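Structure file upload-v9.txt; described as compact mmCIF, C-alpha atoms and all ligand atoms.
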```txt
# COMPACT_ATOMS: atom_id res chain seq x y z
CA MET A 23 199.50 -46.08 198.41
CA GLU A 24 195.85 -45.99 197.51
CA ARG A 25 193.06 -43.54 198.35
CA THR A 26 189.36 -44.08 198.97
CA LEU A 27 186.31 -41.92 199.54
CA ILE A 28 184.50 -42.41 202.82
CA ILE A 29 181.30 -40.63 203.84
CA LEU A 30 180.13 -40.64 207.44
CA LYS A 31 176.45 -40.46 206.62
CA PRO A 32 173.82 -38.17 208.25
CA ASP A 33 172.91 -40.82 210.86
CA ALA A 34 176.56 -41.07 212.01
CA VAL A 35 176.74 -37.29 212.44
CA GLN A 36 173.33 -36.98 214.11
CA ARG A 37 174.09 -39.83 216.51
CA GLY A 38 177.44 -38.36 217.54
CA LEU A 39 179.46 -41.31 216.22
CA VAL A 40 181.86 -39.36 214.00
CA GLY A 41 184.72 -39.32 216.51
CA GLN A 42 184.51 -43.04 217.25
CA ILE A 43 184.36 -43.98 213.58
CA VAL A 44 187.27 -41.72 212.58
CA SER A 45 189.22 -43.15 215.54
CA ARG A 46 188.89 -46.66 214.17
CA PHE A 47 190.60 -45.64 210.92
CA GLU A 48 193.31 -43.71 212.78
CA GLN A 49 193.94 -46.64 215.12
CA LYS A 50 194.22 -49.00 212.16
CA GLY A 51 197.05 -46.87 210.76
CA ILE A 52 195.07 -45.35 207.91
CA GLN A 53 195.94 -41.78 207.03
CA ILE A 54 193.58 -38.84 206.42
CA ALA A 55 194.30 -37.12 203.10
CA GLY A 56 191.24 -34.87 203.08
CA ALA A 57 188.15 -34.04 205.14
CA LYS A 58 185.06 -31.95 204.53
CA PHE A 59 182.00 -31.37 206.74
CA MET A 60 179.20 -30.53 204.35
CA LYS A 61 175.60 -30.92 203.32
CA ILE A 62 175.47 -32.94 200.11
CA SER A 63 173.50 -31.28 197.29
CA GLN A 64 170.73 -33.09 195.44
CA GLN A 65 172.83 -33.12 192.27
CA THR A 66 175.95 -34.49 193.97
CA ALA A 67 173.94 -37.22 195.72
CA GLU A 68 172.31 -38.21 192.43
CA THR A 69 175.70 -38.38 190.69
CA HIS A 70 177.32 -40.26 193.55
CA TYR A 71 174.54 -42.86 193.71
CA GLY A 72 173.92 -42.85 189.93
CA PRO A 73 174.80 -46.57 189.66
CA HIS A 74 171.78 -47.31 191.91
CA LYS A 75 169.29 -45.22 189.91
CA GLY A 76 166.09 -47.17 189.29
CA LYS A 77 166.46 -49.42 192.32
CA PRO A 78 163.60 -49.33 194.83
CA PHE A 79 165.73 -47.71 197.56
CA TYR A 80 167.31 -45.04 195.31
CA GLU A 81 164.98 -42.10 196.02
CA GLY A 82 164.96 -42.70 199.76
CA LEU A 83 168.75 -43.01 199.71
CA VAL A 84 169.20 -39.64 197.96
CA LYS A 85 166.73 -38.02 200.38
CA PHE A 86 168.58 -39.51 203.37
CA MET A 87 172.02 -38.45 202.13
CA THR A 88 170.91 -34.84 201.50
CA SER A 89 168.87 -34.49 204.72
CA SER A 90 171.58 -33.45 207.15
CA PRO A 91 175.37 -32.84 207.22
CA VAL A 92 177.94 -35.53 206.54
CA LEU A 93 181.69 -35.84 207.06
CA VAL A 94 183.45 -36.72 203.81
CA LEU A 95 186.92 -38.20 204.12
CA ALA A 96 189.67 -39.13 201.71
CA LEU A 97 191.60 -41.94 203.37
CA GLU A 98 195.00 -43.20 202.30
CA GLY A 99 196.97 -46.38 202.84
CA LYS A 100 198.12 -49.61 201.28
CA ASP A 101 194.99 -51.52 200.09
CA VAL A 102 192.83 -48.92 201.86
CA ILE A 103 189.79 -49.61 199.63
CA THR A 104 189.52 -53.25 200.68
CA ILE A 105 190.60 -52.65 204.26
CA SER A 106 188.04 -49.91 204.84
CA ARG A 107 185.24 -51.94 203.19
CA ASN A 108 186.08 -54.79 205.59
CA MET A 109 186.07 -52.37 208.52
CA MET A 110 182.63 -51.05 207.43
CA GLY A 111 181.03 -54.49 207.32
CA ALA A 112 178.11 -55.78 205.26
CA THR A 113 175.67 -53.24 203.80
CA PHE A 114 172.79 -53.99 206.17
CA GLY A 115 173.30 -53.06 209.81
CA SER A 116 171.11 -56.01 210.73
CA LYS A 117 173.53 -58.42 209.03
CA ALA A 118 176.92 -56.75 209.53
CA ALA A 119 179.31 -58.72 211.73
CA PRO A 120 180.20 -57.53 215.22
CA GLY A 121 183.55 -55.76 215.19
CA THR A 122 182.66 -53.85 212.02
CA ILE A 123 181.44 -50.24 212.03
CA ARG A 124 177.99 -51.14 210.74
CA GLY A 125 177.87 -54.23 212.92
CA ASP A 126 178.75 -52.37 216.10
CA PHE A 127 176.88 -49.10 215.70
CA GLY A 128 173.66 -49.73 213.80
CA VAL A 129 170.74 -52.03 213.07
CA SER A 130 169.14 -50.31 210.06
CA ASN A 131 169.53 -51.47 206.48
CA SER A 132 169.32 -47.99 204.95
CA PHE A 133 170.71 -45.83 207.77
CA ASN A 134 174.00 -47.71 207.78
CA LEU A 135 176.36 -44.95 208.92
CA ILE A 136 179.09 -45.06 206.32
CA HIS A 137 179.88 -45.15 202.62
CA GLY A 138 183.16 -46.41 201.19
CA SER A 139 184.27 -46.71 197.55
CA ASP A 140 184.08 -50.32 196.38
CA SER A 141 186.81 -50.34 193.67
CA PRO A 142 189.77 -48.28 192.47
CA GLU A 143 187.62 -46.96 189.58
CA ALA A 144 184.83 -45.90 191.94
CA ALA A 145 187.33 -44.33 194.35
CA GLU A 146 188.85 -42.21 191.60
CA LYS A 147 185.44 -41.00 190.41
CA GLU A 148 184.07 -40.38 193.91
CA LEU A 149 187.18 -38.56 195.17
CA LYS A 150 186.91 -36.21 192.17
CA LEU A 151 183.24 -35.58 192.89
CA PHE A 152 183.85 -34.44 196.47
CA PHE A 153 187.38 -32.98 196.51
CA LYS A 154 189.35 -30.52 194.40
CA PRO A 155 192.94 -31.74 193.79
CA ASP A 156 194.42 -29.19 196.22
CA GLU A 157 192.08 -30.33 199.00
CA LEU A 158 193.86 -33.68 199.16
CA LEU A 159 197.08 -33.32 201.13
CA GLU A 160 200.30 -35.26 200.88
CA TRP A 161 201.98 -35.50 204.26
CA LYS A 162 204.19 -37.90 206.15
CA PRO A 163 202.82 -39.03 209.51
CA ALA A 164 205.58 -39.09 212.13
CA VAL A 165 204.70 -42.69 213.05
CA GLY A 166 204.57 -43.86 209.41
CA VAL A 167 207.75 -45.91 209.75
CA TRP A 168 206.10 -47.89 212.57
CA VAL A 169 202.83 -48.42 210.73
CA TYR A 170 204.45 -50.16 207.74
CA ASP A 171 207.61 -52.23 207.40
CA TYR A 172 209.83 -50.29 204.97
CA ALA A 173 212.79 -52.69 205.24
CA LYS A 174 212.54 -53.58 201.54
CA GLY A 175 211.75 -50.02 200.41
CA ALA A 176 208.04 -50.36 199.68
CA PRO A 177 205.56 -50.43 202.58
CA GLU A 178 204.72 -53.92 203.74
P1 LIG A 201 177.29 -50.36 200.18
O1 LIG A 201 177.05 -49.01 200.82
O2 LIG A 201 177.60 -51.41 201.20
O3 LIG A 201 178.30 -50.31 199.07
P2 LIG A 201 175.24 -50.52 198.12
O4 LIG A 201 174.64 -51.78 197.64
O5 LIG A 201 176.22 -49.82 197.22
O6 LIG A 201 175.90 -50.83 199.55
O7 LIG A 201 174.05 -49.54 198.46
C1 LIG A 201 174.27 -48.17 198.68
C2 LIG A 201 173.47 -47.72 199.88
O8 LIG A 201 172.08 -47.81 199.58
C3 LIG A 201 173.65 -48.57 201.13
O9 LIG A 201 174.79 -48.22 201.87
C4 LIG A 201 172.36 -48.31 201.88
O10 LIG A 201 172.41 -47.05 202.55
C5 LIG A 201 171.35 -48.21 200.74
N1 LIG A 201 170.71 -49.51 200.45
C6 LIG A 201 171.21 -50.53 199.73
N2 LIG A 201 170.34 -51.55 199.64
C7 LIG A 201 169.25 -51.15 200.31
C8 LIG A 201 167.98 -51.77 200.57
O11 LIG A 201 167.70 -52.91 200.16
N3 LIG A 201 167.10 -51.06 201.33
C9 LIG A 201 167.39 -49.82 201.81
N4 LIG A 201 168.55 -49.20 201.57
C10 LIG A 201 169.48 -49.85 200.83
MG MG A 202 178.23 -49.33 197.21
```

Take the structure in the file and write it out as structure tokens.
Ligand code: IDP
Ligand code: MG
Amino acid sequence: MERTLIILKPDAVQRGLVGQIVSRFEQKGIQIAGAKFMKISQQTAETHYGPHKGKPFYEGLVKFMTSSPVLVLALEGKDVITISRNMMGATFGSKAAPGTIRGDFGVSNSFNLIHGSDSPEAAEKELKLFFKPDELLEWKPAVGVWVYDYAKGAPE
């Protein structure tokens, strides 16, 4: 099983879309390993978006992400990094396909509702930035055996 860092950005919280977005992950069969409602500090935002430093949208992005509370999630599942990126849709709300979170809930290119780690390396770094080890919980969902096929031992 893999874990990823998801942030429901300030626009998702302000627009009251948190429940609907979390529901999509739950309905998909993805498990919550950690959750934190918080206001991101300037320093954490700068670290998190460090790879974008110097790009024209960087300063506005940091300002946006620190402007209002967010819901930070650690999600868990087989191939959860790729699956959640597909569920998010393309970066720009104006271009994201219908059926995706960004495609269904937004039109803006910068206020695009959700962040998700884009690789295992990024997920590891980002999870560490937002969660202490004991804030990520290992638990067995009662329906787990109906979410994956365990006939061969490993989830399929
Ligand atoms: P991603 O969130 O789909 O991984 P990135 O390219 O990593 O997209 O960009 C990080 C965030 O920066 C985006 O989610 C979006 O909020 C913002 N962003 C990216 N490109 C632009 C742009 O061209 N204009 C305004 N904001 C942008
Ligand atoms: Mg990115």

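CA of Pro177 (chain A) to CA of Ala144 (chain A) spans 23.7 Å [interatomic distance, one decimal].
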
Using all atoms listed in the file, find each residue with an atom at most 8 Å away from ligand MG 202 (chain A) and format the answer as a compact mmCIF listing (two decimals) with C-alpha atoms, keeping the file's coordinate frame.
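What follows is the written file result.txt:
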```txt
# COMPACT_ATOMS: atom_id res chain seq x y z
CA HIS A 137 179.88 -45.15 202.62
CA GLY A 138 183.16 -46.41 201.19
CA SER A 139 184.27 -46.71 197.55
CA ASP A 140 184.08 -50.32 196.38
```

Item to complete: Return the single residue from A:Leu135, A:Leu159, A:Ala34, A:Met109 that is closest to ligand LIG 201 (chain A), with distances computed using all atoms listed in the file.
Response: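 Smallest separation from ligand LIG 201 (chain A) among the options: A:Leu135.
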
Could the residues of chain A that have an atom at most 9 Å from ligand LIG 201 (chain A) be listed as a Markdown table, each with its closest atom pair and the distance in Å to one decimal, counting all atoms listed in the file and ordered by chain and ascending residue number?
```
| residue | atom | partner | partner_atom | distance |
| --- | --- | --- | --- | --- |
| A:Lys31 | CA | A:LIG201 | O10 | 8.7 |
| A:Tyr71 | CA | A:LIG201 | C1 | 7.3 |
| A:Pro73 | CA | A:LIG201 | O5 | 8.4 |
| A:His74 | CA | A:LIG201 | C1 | 7.3 |
| A:Lys77 | CA | A:LIG201 | N2 | 8.6 |
| A:Pro78 | CA | A:LIG201 | N3 | 7.6 |
| A:Phe79 | CA | A:LIG201 | C9 | 5.0 |
| A:Tyr80 | CA | A:LIG201 | O8 | 7.0 |
| A:Gly82 | CA | A:LIG201 | N4 | 7.6 |
| A:Leu83 | CA | A:LIG201 | O8 | 5.8 |
| A:Val84 | CA | A:LIG201 | O8 | 8.8 |
| A:Phe86 | CA | A:LIG201 | O10 | 8.5 |
| A:Met87 | CA | A:LIG201 | O10 | 8.6 |
| A:Arg107 | CA | A:LIG201 | O2 | 7.9 |
| A:Met110 | CA | A:LIG201 | O2 | 8.0 |
| A:Gly111 | CA | A:LIG201 | O2 | 7.7 |
| A:Ala112 | CA | A:LIG201 | O2 | 6.0 |
| A:Thr113 | CA | A:LIG201 | O2 | 3.7 |
| A:Phe114 | CA | A:LIG201 | C4 | 7.1 |
| A:Ser130 | CA | A:LIG201 | C9 | 8.4 |
| A:Asn131 | CA | A:LIG201 | C9 | 5.4 |
| A:Ser132 | CA | A:LIG201 | N4 | 3.7 |
| A:Phe133 | CA | A:LIG201 | O10 | 5.6 |
| A:Asn134 | CA | A:LIG201 | O10 | 5.5 |
| A:Leu135 | CA | A:LIG201 | O10 | 7.8 |
| A:Ile136 | CA | A:LIG201 | O9 | 6.9 |
| A:His137 | CA | A:LIG201 | O1 | 5.1 |
| A:Gly138 | CA | A:LIG201 | O3 | 6.6 |
| A:Ser139 | CA | A:LIG201 | O3 | 7.1 |
| A:Asp140 | CA | A:LIG201 | O3 | 6.4 |
```

Could those residues be written to a file, using C-alpha atoms, as a CSV table (one decimal), keeping the file's coordinate frame?
```csv
chain,number,residue,atom,x,y,z
A,31,LYS,CA,176.4,-40.5,206.6
A,71,TYR,CA,174.5,-42.9,193.7
A,73,PRO,CA,174.8,-46.6,189.7
A,74,HIS,CA,171.8,-47.3,191.9
A,77,LYS,CA,166.5,-49.4,192.3
A,78,PRO,CA,163.6,-49.3,194.8
A,79,PHE,CA,165.7,-47.7,197.6
A,80,TYR,CA,167.3,-45.0,195.3
A,82,GLY,CA,165.0,-42.7,199.8
A,83,LEU,CA,168.8,-43.0,199.7
A,84,VAL,CA,169.2,-39.6,198.0
A,86,PHE,CA,168.6,-39.5,203.4
A,87,MET,CA,172.0,-38.4,202.1
A,107,ARG,CA,185.2,-51.9,203.2
A,110,MET,CA,182.6,-51.0,207.4
A,111,GLY,CA,181.0,-54.5,207.3
A,112,ALA,CA,178.1,-55.8,205.3
A,113,THR,CA,175.7,-53.2,203.8
A,114,PHE,CA,172.8,-54.0,206.2
A,130,SER,CA,169.1,-50.3,210.1
A,131,ASN,CA,169.5,-51.5,206.5
A,132,SER,CA,169.3,-48.0,205.0
A,133,PHE,CA,170.7,-45.8,207.8
A,134,ASN,CA,174.0,-47.7,207.8
A,135,LEU,CA,176.4,-45.0,208.9
A,136,ILE,CA,179.1,-45.1,206.3
A,137,HIS,CA,179.9,-45.2,202.6
A,138,GLY,CA,183.2,-46.4,201.2
A,139,SER,CA,184.3,-46.7,197.6
A,140,ASP,CA,184.1,-50.3,196.4
```

Worksheet entry | Residue nearest Ile123 (chain A) among A:Leu151, A:Val102, A:Met60, A:Leu30 (counting all atoms listed in the file) |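 Under the stated criterion, the closest residue is A:Leu30.
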
Practice prompt. Measure the distance from CA of Leu27 (chain A) to CA of Ser106 (chain A) in Å and round it to one decimal.
Written response: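 Going from CA of Leu27 (chain A) over to CA of Ser106 (chain A), I get 9.7 Å.
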
Discussion item. Nearest residue to Glu148 (chain A) out of A:Lys117, A:Gly175, A:Phe59, A:Thr66, using all atoms listed in the file?
Written reply: A:Thr66

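Closest approach to Ile28 (chain A) among A:Glu98, A:Glu160, A:Glu68, A:Glu81: A:Glu98, based on only C-alpha atoms.
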
Got a sec: who's within 9 Å of Pro142 (chain A), counting all atoms listed in the file, leaving out chain neighbours fewer than 4 positions off, as a compact mmCIF listing (two decimals) with C-alpha atoms, in the frame of the given file?
```txt
# COMPACT_ATOMS: atom_id res chain seq x y z
CA GLU A 24 195.85 -45.99 197.51
CA ARG A 25 193.06 -43.54 198.35
CA THR A 26 189.36 -44.08 198.97
CA ILE A 103 189.79 -49.61 199.63
CA GLU A 146 188.85 -42.21 191.60
CA LYS A 147 185.44 -41.00 190.41
```

Can you tell me, as a tab-separated table (two decimals) with C-alpha atoms, in the coordinates of the input, what residues are no more than 10 Å from Pro32 (chain A) when counting only C-alpha atoms, ignoring any on the same chain fewer than 3 positions away?
```
chain	number	residue	atom	x	y	z
A	29	ILE	CA	181.30	-40.63	203.84
A	35	VAL	CA	176.74	-37.29	212.44
A	36	GLN	CA	173.33	-36.98	214.11
A	37	ARG	CA	174.09	-39.83	216.51
A	38	GLY	CA	177.44	-38.36	217.54
A	40	VAL	CA	181.86	-39.36	214.00
A	61	LYS	CA	175.60	-30.92	203.32
A	62	ILE	CA	175.47	-32.94	200.11
A	86	PHE	CA	168.58	-39.51	203.37
A	87	MET	CA	172.02	-38.45	202.13
A	88	THR	CA	170.91	-34.84	201.50
A	89	SER	CA	168.87	-34.49	204.72
A	90	SER	CA	171.58	-33.45	207.15
A	91	PRO	CA	175.37	-32.84	207.22
A	92	VAL	CA	177.94	-35.53	206.54
A	93	LEU	CA	181.69	-35.84	207.06
A	133	PHE	CA	170.71	-45.83	207.77
A	134	ASN	CA	174.00	-47.71	207.78
A	135	LEU	CA	176.36	-44.95	208.92
A	136	ILE	CA	179.09	-45.06	206.32
```

Worksheet item: How many Å lie between CA of Met23 (chain A) and CA of Ala176 (chain A), rounded to one decimal?
Response: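 For CA of Met23 (chain A) relative to CA of Ala176 (chain A), the distance reads 9.6 Å.
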